[in-house]
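K.L.:
This is upload.cif, which holds mmCIF, C-alpha atoms:
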data_query
#
loop_
_atom_site.label_atom_id
_atom_site.label_comp_id
_atom_site.auth_asym_id
_atom_site.auth_seq_id
_atom_site.Cartn_x
_atom_site.Cartn_y
_atom_site.Cartn_z
CA MET A 274 66.54 248.97 85.71
CA SER A 275 66.23 252.70 86.40
CA LYS A 276 62.90 254.43 86.95
CA ASP A 277 63.32 256.21 83.62
CA GLU A 278 63.73 252.90 81.81
CA ILE A 279 60.70 251.47 83.58
CA PHE A 280 58.67 254.55 82.69
CA ASN A 281 59.68 254.31 79.03
CA LYS A 282 58.70 250.67 78.81
CA ILE A 283 55.34 251.27 80.50
CA ALA A 284 54.68 254.25 78.25
CA ASP A 285 55.41 252.09 75.17
CA ILE A 286 52.96 249.45 76.38
CA ILE A 287 50.23 252.04 77.05
CA ALA A 288 50.76 253.79 73.71
CA ASP A 289 50.51 250.49 71.88
CA ARG A 290 47.67 248.92 73.87
CA PHE A 291 45.40 251.92 74.31
CA GLU A 292 46.29 253.83 71.14
CA VAL A 293 47.43 256.92 73.02
CA ASP A 294 49.92 259.44 71.66
CA ARG A 295 53.27 258.37 73.19
CA ASP A 296 54.29 261.99 73.92
CA LYS A 297 51.19 262.63 75.99
CA ILE A 298 51.94 259.88 78.50
CA THR A 299 53.18 261.32 81.78
CA LEU A 300 53.68 259.99 85.30
CA ASP A 301 50.31 261.52 86.22
CA LEU A 302 48.32 259.62 83.60
CA ASN A 303 45.53 257.73 85.37
CA PHE A 304 44.77 254.27 83.94
CA LYS A 305 41.23 254.29 85.22
CA THR A 306 40.09 257.76 84.20
CA ASP A 307 42.39 258.99 81.41
CA LEU A 308 42.23 255.91 79.17
CA ASP A 309 39.34 254.48 77.21
CA ALA A 310 39.71 251.16 79.03
CA ASP A 311 37.37 248.71 80.70
CA SER A 312 38.12 246.27 83.51
CA ILE A 313 39.33 243.57 81.11
CA ASP A 314 41.73 245.99 79.41
CA PHE A 315 43.15 246.77 82.84
CA VAL A 316 43.73 243.10 83.77
CA GLU A 317 45.36 242.52 80.36
CA PHE A 318 47.59 245.50 81.04
CA ILE A 319 48.60 244.17 84.49
CA LEU A 320 49.40 240.78 82.91
CA GLU A 321 51.57 242.49 80.32
CA LEU A 322 53.41 244.42 83.04
CA GLU A 323 54.06 241.15 84.89
CA ASP A 324 55.38 239.50 81.73
CA THR A 325 57.51 242.48 80.75
CA PHE A 326 59.15 243.06 84.13
CA GLY A 327 59.03 239.55 85.55
CA ALA A 328 57.40 241.04 88.64
CA GLU A 329 54.40 239.59 90.41
CA ILE A 330 51.68 242.16 91.02
CA SER A 331 49.25 240.99 93.68
CA ASP A 332 45.51 241.58 93.32
CA ASP A 333 45.57 244.13 96.15
CA ALA A 334 48.49 246.01 94.62
CA ALA A 335 46.82 246.02 91.21
CA GLU A 336 43.67 247.50 92.80
CA ASN A 337 45.72 250.38 94.15
CA LEU A 338 47.67 251.18 90.98
CA ASN A 339 46.01 254.20 89.46
CA THR A 340 48.71 256.22 87.74
CA VAL A 341 51.76 255.53 85.62
CA GLY A 342 53.91 256.97 88.42
CA GLU A 343 52.51 254.48 90.95
CA ALA A 344 53.18 251.59 88.56
CA VAL A 345 56.78 252.78 88.00
CA ASP A 346 57.37 252.99 91.78
CA TYR A 347 55.80 249.59 92.40
CA ILE A 348 57.89 247.85 89.75
CA ALA A 349 61.09 249.67 90.78
CA SER A 350 60.72 248.60 94.42
CA ASN A 351 59.68 245.04 93.55
CA SER A 352 62.58 244.53 91.15
CA ALA A 353 64.94 245.94 93.78
CA LYS A 354 64.00 243.15 96.19
CA LYS A 355 65.06 240.48 93.68
CA MET B 121 47.40 225.19 60.00
CA LYS B 122 48.74 224.64 63.49
CA ILE B 123 46.73 223.92 66.64
CA ALA B 124 47.91 224.33 70.23
CA VAL B 125 46.60 221.55 72.47
CA ASP B 126 46.43 221.49 76.26
CA ALA B 127 47.63 217.91 76.76
CA MET B 128 47.03 218.05 80.54
CA GLY B 129 43.38 219.14 80.58
CA GLY B 130 40.45 216.78 81.12
CA ASP B 131 39.47 213.82 83.30
CA TYR B 132 41.37 211.34 81.09
CA ALA B 133 44.38 213.50 80.23
CA PRO B 134 46.90 213.06 78.86
CA LYS B 135 46.02 209.55 77.56
CA GLU B 136 42.73 210.35 75.78
CA VAL B 137 43.94 213.75 74.61
CA VAL B 138 46.93 212.16 72.89
CA ALA B 139 44.76 209.38 71.41
CA GLY B 140 42.26 211.98 70.14
CA ILE B 141 44.99 214.08 68.56
CA GLU B 142 46.49 211.03 66.84
CA LEU B 143 43.03 210.20 65.47
CA ALA B 144 42.62 213.79 64.26
CA ARG B 145 46.13 213.79 62.74
CA ASP B 146 45.18 210.74 60.67
CA ARG B 147 41.95 212.44 59.53
CA TYR B 148 43.43 215.88 58.77
CA PRO B 149 46.94 215.51 57.37
CA GLU B 150 47.19 219.28 56.78
CA ILE B 151 47.18 220.05 60.54
CA GLU B 152 50.26 220.31 62.76
CA PHE B 153 49.79 219.96 66.52
CA ASP B 154 51.75 221.49 69.39
CA LEU B 155 50.94 219.51 72.55
CA TYR B 156 51.64 221.56 75.71
CA GLY B 157 52.17 219.50 78.85
CA GLN B 158 54.56 217.56 81.04
CA THR B 159 56.35 215.70 78.28
CA ASP B 160 57.44 212.80 80.51
CA LYS B 161 53.73 212.10 81.14
CA VAL B 162 52.55 212.77 77.59
CA LYS B 163 55.23 210.92 75.60
CA PRO B 164 54.45 207.34 76.78
CA PHE B 165 50.98 207.61 75.19
CA LEU B 166 52.23 208.86 71.83
CA ASN B 167 52.45 206.06 69.26
CA ASN B 168 53.49 208.09 66.23
CA ALA B 169 54.87 211.63 66.41
CA ASP B 170 54.14 212.61 62.78
CA HIS B 171 52.83 216.20 62.73
CA ILE B 172 52.81 216.21 66.55
CA ASN B 173 55.29 218.30 68.50
CA LEU B 174 55.56 218.01 72.30
CA VAL B 175 56.22 221.24 74.20
CA GLN B 176 57.24 221.11 77.86
CA ALA B 177 54.93 222.87 80.33
CA ASP B 178 56.05 222.31 83.92
CA GLU B 179 52.80 223.28 85.63
CA VAL B 180 49.21 222.07 85.39
CA ILE B 181 46.09 224.13 86.08
CA ALA B 182 43.76 221.85 88.03
CA MET B 183 40.00 221.69 87.53
CA GLU B 184 39.44 223.33 90.94
CA ASP B 185 41.96 226.19 90.50
CA GLU B 186 40.49 229.70 90.55
CA PRO B 187 40.69 230.76 86.86
CA VAL B 188 42.18 234.25 86.75
CA ARG B 189 44.54 233.57 89.65
CA ALA B 190 45.68 230.33 87.96
CA ILE B 191 46.59 231.97 84.67
CA ARG B 192 48.41 234.76 86.48
CA ARG B 193 50.34 232.52 88.86
CA LYS B 194 50.96 229.36 86.84
CA LYS B 195 52.85 230.95 83.98
CA GLN B 196 54.48 227.65 83.01
CA SER B 197 51.17 225.77 82.74
CA SER B 198 49.96 224.13 79.54
CA ILE B 199 47.00 226.55 79.29
CA VAL B 200 49.12 229.69 79.68
CA LEU B 201 51.92 228.53 77.35
CA GLY B 202 49.43 227.32 74.72
CA ALA B 203 47.50 230.61 74.83
CA GLN B 204 50.75 232.61 74.59
CA ALA B 205 51.79 230.61 71.52
CA VAL B 206 48.47 231.50 69.87
CA ARG B 207 48.85 235.16 70.86
CA ASP B 208 52.35 235.22 69.38
CA GLY B 209 51.18 233.63 66.13
CA LYS B 210 53.05 230.34 66.60
CA ASP B 211 49.76 228.46 66.67
CA ASP B 212 46.44 229.31 64.98
CA ALA B 213 43.93 227.98 67.52
CA PHE B 214 43.77 226.63 71.08
CA PHE B 215 42.06 223.46 72.27
CA SER B 216 41.53 222.18 75.83
CA ALA B 217 39.36 219.75 77.78
CA GLY B 218 40.56 221.24 81.07
CA ASN B 219 39.46 223.97 83.50
CA THR B 220 36.81 225.95 81.58
CA GLY B 221 37.22 229.14 83.57
CA ALA B 222 41.00 229.14 83.14
CA LEU B 223 40.65 228.53 79.42
CA LEU B 224 38.15 231.39 79.11
CA ALA B 225 40.43 233.66 81.14
CA ALA B 226 43.43 232.70 78.98
CA GLY B 227 41.40 233.33 75.81
CA LEU B 228 40.17 236.66 77.09
CA LEU B 229 43.31 237.98 78.78
CA ILE B 230 46.21 236.35 76.90
CA ILE B 231 44.91 235.85 73.35
CA GLY B 232 42.69 238.91 73.74
CA ARG B 233 39.46 240.25 72.34
CA ILE B 234 38.88 241.21 68.74
CA LYS B 235 38.96 244.98 68.54
CA GLY B 236 35.46 246.33 69.11
CA ILE B 237 34.15 243.32 71.04
CA ASP B 238 33.06 244.15 74.57
CA ARG B 239 32.60 240.65 76.03
CA PRO B 240 33.34 237.40 74.19
CA GLY B 241 30.60 234.78 74.44
CA LEU B 242 30.82 231.03 74.96
CA THR B 243 28.96 229.19 72.24
CA THR B 244 27.69 225.68 72.01
CA THR B 245 26.05 223.66 69.24
CA LEU B 246 23.00 221.58 70.15
CA PRO B 247 20.95 219.07 68.17
CA VAL B 248 17.61 219.76 66.51
CA LEU B 249 15.54 216.62 66.88
CA ASN B 250 12.35 216.86 64.86
CA LYS B 251 13.09 218.81 61.73
CA PRO B 252 14.17 217.21 58.46
CA ASP B 253 16.05 220.25 57.09
CA GLN B 254 17.92 221.30 60.25
CA ASP B 255 20.03 219.12 62.51
CA GLN B 256 21.71 221.67 64.80
CA PHE B 257 21.51 225.15 66.26
CA LEU B 258 23.86 227.47 68.06
CA MET B 259 23.38 229.10 71.46
CA LEU B 260 25.41 231.89 73.09
CA ASP B 261 26.39 233.02 75.68
CA VAL B 262 26.28 229.78 77.68
CA GLY B 263 28.35 231.02 80.59
CA ALA B 264 31.35 233.21 79.80
CA ASN B 265 29.62 236.15 81.53
CA ALA B 266 27.10 235.89 84.34
CA ASP B 267 26.12 239.56 84.05
CA SER B 268 25.37 240.72 80.54
CA LYS B 269 24.36 244.12 79.22
CA PRO B 270 22.06 244.65 76.20
CA PHE B 271 25.06 245.68 74.08
CA ASN B 272 26.75 242.34 74.84
CA LEU B 273 23.71 240.39 73.59
CA TYR B 274 23.58 242.51 70.44
CA GLN B 275 27.20 241.58 69.76
CA TYR B 276 26.48 237.89 70.47
CA ALA B 277 23.89 238.00 67.70
CA ILE B 278 26.52 239.23 65.24
CA LEU B 279 29.13 236.71 66.45
CA GLY B 280 26.57 233.89 66.22
CA LYS B 281 25.55 234.91 62.73
CA TYR B 282 29.11 234.70 61.42
CA TYR B 283 29.75 231.38 63.13
CA ALA B 284 26.55 229.87 61.71
CA GLN B 285 27.50 231.07 58.24
CA THR B 286 31.13 230.06 58.20
CA VAL B 287 31.12 226.88 60.27
CA MET B 288 27.57 225.49 60.03
CA GLY B 289 27.06 226.62 56.43
CA VAL B 290 23.73 228.40 57.06
CA LYS B 291 23.41 231.20 54.48
CA ASN B 292 21.04 233.53 56.30
CA PRO B 293 20.83 232.33 59.91
CA ARG B 294 17.58 232.91 61.78
CA ILE B 295 18.46 234.67 65.02
CA GLY B 296 16.16 234.30 68.01
CA LEU B 297 16.32 235.94 71.43
CA LEU B 298 15.72 233.48 74.27
CA ASN B 299 12.95 234.94 76.40
CA ASN B 300 10.06 233.99 78.64
CA GLY B 301 7.47 234.40 75.88
CA THR B 302 7.40 235.12 72.15
CA GLU B 303 5.67 238.53 72.26
CA ALA B 304 7.95 241.54 71.66
CA ASP B 305 7.26 243.09 75.06
CA LYS B 306 8.21 239.99 77.09
CA GLY B 307 11.11 239.77 79.49
CA ASP B 308 13.09 241.91 81.87
CA MET B 309 14.59 245.31 81.03
CA VAL B 310 17.69 243.80 79.42
CA HIS B 311 15.73 241.51 77.10
CA LYS B 312 13.24 244.22 76.12
CA ALA B 313 16.13 246.51 75.21
CA VAL B 314 17.87 243.77 73.21
CA HIS B 315 14.68 242.95 71.32
CA GLU B 316 14.33 246.56 70.29
CA VAL B 317 17.88 246.75 68.96
CA LEU B 318 17.82 243.39 67.16
CA ALA B 319 14.46 244.17 65.55
CA THR B 320 15.93 247.23 63.85
CA ALA B 321 19.44 245.88 63.09
CA LYS B 322 20.02 245.93 59.33
CA ASP B 323 22.38 243.01 58.92
CA LEU B 324 20.56 240.47 61.09
CA ASN B 325 17.77 238.06 60.20
CA PHE B 326 16.06 238.50 63.58
CA ILE B 327 12.97 236.34 64.04
CA GLY B 328 11.96 237.66 67.49
CA ASN B 329 11.76 236.07 70.90
CA VAL B 330 11.96 232.30 71.24
CA GLU B 331 11.03 230.06 74.16
CA SER B 332 13.33 227.42 75.62
CA ARG B 333 10.82 224.59 75.00
CA GLU B 334 11.09 225.18 71.23
CA LEU B 335 14.89 225.16 70.99
CA LEU B 336 15.35 221.46 70.16
CA ASN B 337 12.57 221.77 67.56
CA GLY B 338 14.74 224.10 65.49
CA VAL B 339 12.94 227.39 66.11
CA ALA B 340 16.15 229.31 65.27
CA ASP B 341 19.67 228.77 63.91
CA VAL B 342 21.25 231.10 66.47
CA VAL B 343 19.80 231.54 69.95
CA VAL B 344 21.04 234.65 71.73
CA THR B 345 20.94 234.76 75.52
CA ASP B 346 22.74 236.16 78.54
CA GLY B 347 25.38 233.86 80.07
CA PHE B 348 23.42 233.18 83.24
CA THR B 349 20.25 232.05 81.45
CA GLY B 350 22.16 230.28 78.69
CA ASN B 351 24.12 228.21 81.17
CA ALA B 352 20.97 227.27 83.11
CA VAL B 353 19.10 226.29 79.92
CA LEU B 354 22.04 224.25 78.61
CA LYS B 355 22.36 222.27 81.84
CA ASN B 356 18.61 221.78 82.08
CA THR B 357 18.48 220.45 78.52
CA GLU B 358 21.26 217.96 79.21
CA GLY B 359 19.78 216.96 82.55
CA THR B 360 16.25 216.49 81.24
CA ALA B 361 17.47 214.27 78.40
CA LEU B 362 19.49 212.10 80.79
CA SER B 363 16.63 211.84 83.29
CA MET B 364 14.21 210.80 80.52
CA LEU B 365 16.57 208.05 79.38
CA LYS B 366 16.91 206.80 82.97
CA LEU B 367 13.14 206.83 83.38
CA ILE B 368 12.65 204.80 80.19
CA LYS B 369 15.31 202.32 81.30
CA SER B 370 13.88 201.83 84.79
CA SER B 371 10.35 201.43 83.38
CA ILE B 372 11.61 198.75 81.00
CA MET B 373 13.41 196.93 83.80
CA ALA B 374 10.24 197.03 85.93
CA GLY B 375 8.06 195.95 83.00
CA GLY B 376 8.68 192.22 83.29
CA ILE B 377 9.38 189.92 80.38
CA SER B 378 7.12 191.70 77.89
CA GLY B 379 8.76 195.07 78.61
CA LYS B 380 12.22 193.61 78.11
CA LEU B 381 11.21 191.82 74.90
CA GLY B 382 9.72 195.05 73.55
CA ALA B 383 12.86 196.96 74.43
CA ALA B 384 15.01 194.36 72.67
CA MET B 385 12.95 194.83 69.51
CA LEU B 386 13.27 198.62 69.79
CA LYS B 387 17.04 198.53 70.31
CA PRO B 388 17.88 200.07 66.89
CA VAL B 389 15.40 202.88 67.60
CA PHE B 390 17.05 203.63 70.95
CA LYS B 391 20.46 203.60 69.25
CA ASP B 392 19.21 206.15 66.72
CA ILE B 393 17.84 208.40 69.48
CA GLN B 394 21.10 208.12 71.40
CA SER B 395 23.08 209.10 68.33
CA LYS B 396 20.85 212.15 67.70
CA MET B 397 21.19 213.28 71.32
CA ASP B 398 24.97 212.84 71.32
CA TYR B 399 25.96 216.47 70.98
CA SER B 400 29.66 215.66 71.39
CA LYS B 401 29.71 214.85 67.68
CA TYR B 402 29.08 218.54 67.03
CA GLY B 403 32.36 219.40 68.74
CA GLY B 404 33.14 221.66 71.67
CA ALA B 405 32.15 225.06 73.04
CA VAL B 406 33.81 227.99 71.27
CA LEU B 407 34.79 231.29 72.86
CA LEU B 408 33.62 233.70 70.16
CA GLY B 409 34.98 237.23 70.02
CA VAL B 410 38.65 236.50 70.73
CA LYS B 411 41.44 236.84 68.17
CA ALA B 412 41.79 233.11 67.44
CA PRO B 413 39.59 230.04 67.83
CA VAL B 414 39.55 228.90 71.49
CA ILE B 415 37.65 225.66 71.96
CA LYS B 416 36.71 223.73 75.07
CA THR B 417 35.40 220.20 75.03
CA HIS B 418 33.86 218.30 77.95
CA GLY B 419 36.22 217.33 80.77
CA SER B 420 35.01 213.74 80.32
CA ALA B 421 35.77 213.74 76.57
CA LYS B 422 37.44 210.68 75.10
CA ALA B 423 39.51 210.32 71.94
CA GLU B 424 36.61 210.28 69.44
CA THR B 425 35.04 213.49 70.83
CA ILE B 426 38.42 215.19 70.88
CA ALA B 427 39.04 214.26 67.24
CA ASN B 428 35.57 215.58 66.31
CA THR B 429 36.34 218.85 68.04
CA ILE B 430 39.59 219.17 66.08
CA GLY B 431 37.42 218.74 62.96
CA GLN B 432 35.34 221.70 64.10
CA ILE B 433 38.51 223.80 64.60
CA GLN B 434 39.73 222.77 61.15
CA THR B 435 36.45 224.09 59.66
CA MET B 436 36.80 227.36 61.61
CA LEU B 437 40.35 227.89 60.37
CA LYS B 438 39.64 226.79 56.80
CA ASN B 439 36.66 229.14 56.51
CA HIS B 440 38.42 232.06 58.22
CA SER B 441 35.65 232.41 60.79
CA VAL B 442 37.66 234.79 62.99
CA ASP B 443 38.86 236.97 60.07
CA ASN B 444 35.26 237.53 59.01
CA VAL B 445 34.36 238.84 62.46
CA VAL B 446 37.48 241.03 62.61
CA ASP B 447 36.59 242.55 59.22
CA TYR B 448 33.00 243.20 60.28
CA PHE B 449 33.94 244.98 63.50
CA ASP B 450 36.65 246.93 61.70
CA ALA B 451 34.21 248.14 59.08
CA HIS B 452 31.48 248.93 61.64
CA SER B 453 33.52 250.46 64.46
CA GLU B 454 31.66 253.79 64.47
CA GLU B 455 28.29 252.06 64.32
CA MET B 456 29.31 249.85 67.27
CA ALA B 457 30.48 252.82 69.35
CA GLN B 458 27.18 254.57 68.63
CA ALA B 459 25.15 251.45 69.49
CA LYS B 460 27.05 251.06 72.75
CA ALA B 461 26.46 254.68 73.69
CA ASP B 462 22.74 254.43 72.80
CA MET B 463 22.28 251.28 74.85
CA GLN B 464 23.96 252.75 77.90
CA LYS B 465 21.61 255.72 78.04
#
Starting from the file, lay out its structure as structure tokens.

P.N.:
Amino acid sequence: MSKDEIFNKIADIIADRFEVDRDKITLDLNFKTDLDADSIDFVEFILELEDTFGAEISDDAAENLNTVGEAVDYIASNSAKK
Amino acid sequence: MKIAVDAMGGDYAPKEVVAGIELARDRYPEIEFDLYGQTDKVKPFLNNADHINLVQADEVIAMEDEPVRAIRRKKQSSIVLGAQAVRDGKDDAFFSAGNTGALLAAGLLIIGRIKGIDRPGLTTTLPVLNKPDQDQFLMLDVGANADSKPFNLYQYAILGKYYAQTVMGVKNPRIGLLNNGTEADKGDMVHKAVHEVLATAKDLNFIGNVESRELLNGVADVVVTDGFTGNAVLKNTEGTALSMLKLIKSSIMAGGISGKLGAAMLKPVFKDIQSKMDYSKYGGAVLLGVKAPVIKTHGSAKAETIANTIGQIQTMLKNHSVDNVVDYFDAHSEEMAQAKADMQK
């Protein structure tokens, strides 16, 4: 899956889950500061990413994912290993 | 209606779970059951598969597994697959006697919160012992959250009110705040703040602070508390009752022939007390505030308790207890946002 495809899927999930305008989602969007989300929303989101991409995101990695761009890179490199 | 069942959860699983579900199937012919578990272990205990569908789940979440890690790593477990089926609308409610933390995590993270709910609360029904017109009351949170904010307790009051109305059939539930005294200014900062909010809330029949020693006397229909205190009070209530029974028994045994004769004559009285104290007949603990009924019964539950708990779920589904809460929070979303902002000041 290309980075563009990964980005599009993640953007769909964010738009749906956090009720954000799909067009306003960029690689720079920060999950922790730009979304009206609490810690439970964030864990739900990580779980949905794992289910969608079949990738395992460790607790440490999840801690360090702040932006959409970082999530795209993480998933792209993890899928590449498979 | 269709209920997802964790066939692998509990001290006597899958045998007693299957027996309990068969009992419930015979009582409630309108219910279909999806039993999630290792089918080769579950099937031998199933006598009659009417209305019961076995679904293979390769993994099992053990009682000692760390909850959030378990639901993230054991994706083929009965708890995760059952919760996913409820999330996807294949089943209407989820029942387990297994790992409480994992069930709560699955309810919270897989089935998800009702929009507008900050923290779901774990709710239990307890007996009222000395009041002719009331035989039970509800307490929440009894341990879903160890750290609670005033806004969470305010929402527990609303969740408890709807549960008492739709499942216990109490028209205008009396809501009490568990505190260390009945006066309005009692308690720590959190409880003082909650008292202030509940006292002015329009839709709630708030009766003020209540003390733990009055709970079993029916001082309220819904007792609101933070998860840390609620869990401690629940365990203390259970423990005190058991210790009292042991004390009575050992005194009788030490009381010689007259003590034993007296006890024999009082046997029906002891039976009656035992039946009143048996809170398993009221069903299991419910995670309120998630999008579908999620119910946990004791790990040591046997078939009869499991069937009773299914009865409780049937009442929740029949009376649309979750829909009522969804409608309320939908209609009051602005009020909730305002209340949350006010309480965080």

K.L.:
Please determine the contact residues of chain A with respect to chain B at a cut-off of 9 Å, counting only C-alpha atoms, and supply them as a CSV table (one decimal) with C-alpha atoms, in the frame of the given file.

P.N.:
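Contents of part_29.csv, as written:
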chain,number,residue,atom,x,y,z
A,311,ASP,CA,37.4,248.7,80.7
A,313,ILE,CA,39.3,243.6,81.1
A,314,ASP,CA,41.7,246.0,79.4
A,316,VAL,CA,43.7,243.1,83.8
A,317,GLU,CA,45.4,242.5,80.4
A,318,PHE,CA,47.6,245.5,81.0
A,320,LEU,CA,49.4,240.8,82.9
A,321,GLU,CA,51.6,242.5,80.3
A,323,GLU,CA,54.1,241.2,84.9
A,329,GLU,CA,54.4,239.6,90.4
A,332,ASP,CA,45.5,241.6,93.3

K.L.:
Considering all atoms listed in the file, return as a PyMOL selection string whatever protein or nucleic-acid residues lie within 12 Å of B:Ala264, sequence-local ones (same chain, fewer than 6 positions apart) excluded.

P.N.:
chain B and resi 187+220-225+227-228+239-244+272+276+345-351+405-409+416

K.L.:
Could you name the residues that touch B:Ser370 at 12 Å or less, counting only C-alpha atoms, but leaving out those on the same chain fewer than 5 positions away, as a PyMOL selection string?

P.N.:
chain B and resi 363-365+375-376+379-380+383

K.L.:
Would you mind exporting the chosen residues as an mmCIF file, in the frame of the given file, restricted to C-alpha atoms?

P.N.:
data_model
loop_
_atom_site.group_PDB
_atom_site.id
_atom_site.type_symbol
_atom_site.label_atom_id
_atom_site.label_comp_id
_atom_site.auth_asym_id
_atom_site.auth_seq_id
_atom_site.Cartn_x
_atom_site.Cartn_y
_atom_site.Cartn_z
ATOM 1 C CA SER B 363 16.630 211.840 83.290
ATOM 2 C CA MET B 364 14.210 210.800 80.520
ATOM 3 C CA LEU B 365 16.570 208.050 79.380
ATOM 4 C CA GLY B 375 8.060 195.950 83.000
ATOM 5 C CA GLY B 376 8.680 192.220 83.290
ATOM 6 C CA GLY B 379 8.760 195.070 78.610
ATOM 7 C CA LYS B 380 12.220 193.610 78.110
ATOM 8 C CA ALA B 383 12.860 196.960 74.430
#

K.L.:
Give me, as a PDB file with C-alpha atoms, keeping the file's coordinate frame, all polymer residues having an atom no more than 9 Å from B:Phe326, counting all atoms listed in the file and skipping those fewer than 5 positions away in the same chain.

P.N.:
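Below is the file part_39.pdb, written as the result:
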ATOM      1  CA  ALA B 277      23.890 238.000  67.700  1.00  0.00           C
ATOM      2  CA  PRO B 293      20.830 232.330  59.910  1.00  0.00           C
ATOM      3  CA  ARG B 294      17.580 232.910  61.780  1.00  0.00           C
ATOM      4  CA  ILE B 295      18.460 234.670  65.020  1.00  0.00           C
ATOM      5  CA  GLY B 296      16.160 234.300  68.010  1.00  0.00           C
ATOM      6  CA  LEU B 297      16.320 235.940  71.430  1.00  0.00           C
ATOM      7  CA  LEU B 318      17.820 243.390  67.160  1.00  0.00           C
ATOM      8  CA  ALA B 319      14.460 244.170  65.550  1.00  0.00           C
ATOM      9  CA  THR B 320      15.930 247.230  63.850  1.00  0.00           C
ATOM     10  CA  ALA B 321      19.440 245.880  63.090  1.00  0.00           C
TER      11      ALA B 321
END

K.L.:
What does the distance between atom CA of B:Leu279 and atom CA of B:Ser216 come to in Å, to one decimal place?

P.N.:
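For atom CA of B:Leu279 relative to atom CA of B:Ser216, the distance reads 21.3 Å.
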
K.L.:
Hey, what comes out of the PyMOL selection byres ((chain A and resi 343) around 12) on this file? Could you write it as number ranges by chain?

P.N.:
A: 276, 279-280, 283, 299-304, 334-342, 344-350

K.L.:
In Å, with one decimal, what is the gap from atom CA of B:Arg145 to atom CA of B:Ile415?

P.N.:
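Taking atom CA of B:Arg145 as the start and atom CA of B:Ile415 as the end point, the length is 17.3 Å.
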
K.L.:
Atom CA of B:Leu336 and atom CA of B:Lys251, how far apart in Å?

P.N.:
9.1 Å

K.L.:
Env of B:Val125: 7 Å cut, atoms = only C-alpha atoms, seq-sep filter 5 positions within chain, self excluded. Answer as a short mmCIF file (atom, residue, chain, number, x, y, z; two decimals) with C-alpha atoms, in the frame of the given file.

P.N.:
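So the final result, stored in selection.cif, reads:
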data_model
loop_
_atom_site.label_atom_id
_atom_site.label_comp_id
_atom_site.auth_asym_id
_atom_site.auth_seq_id
_atom_site.Cartn_x
_atom_site.Cartn_y
_atom_site.Cartn_z
CA PHE B 153 49.79 219.96 66.52
CA ASP B 154 51.75 221.49 69.39
CA LEU B 155 50.94 219.51 72.55
CA TYR B 156 51.64 221.56 75.71
CA GLY B 202 49.43 227.32 74.72
CA PHE B 214 43.77 226.63 71.08
CA PHE B 215 42.06 223.46 72.27
CA SER B 216 41.53 222.18 75.83
#
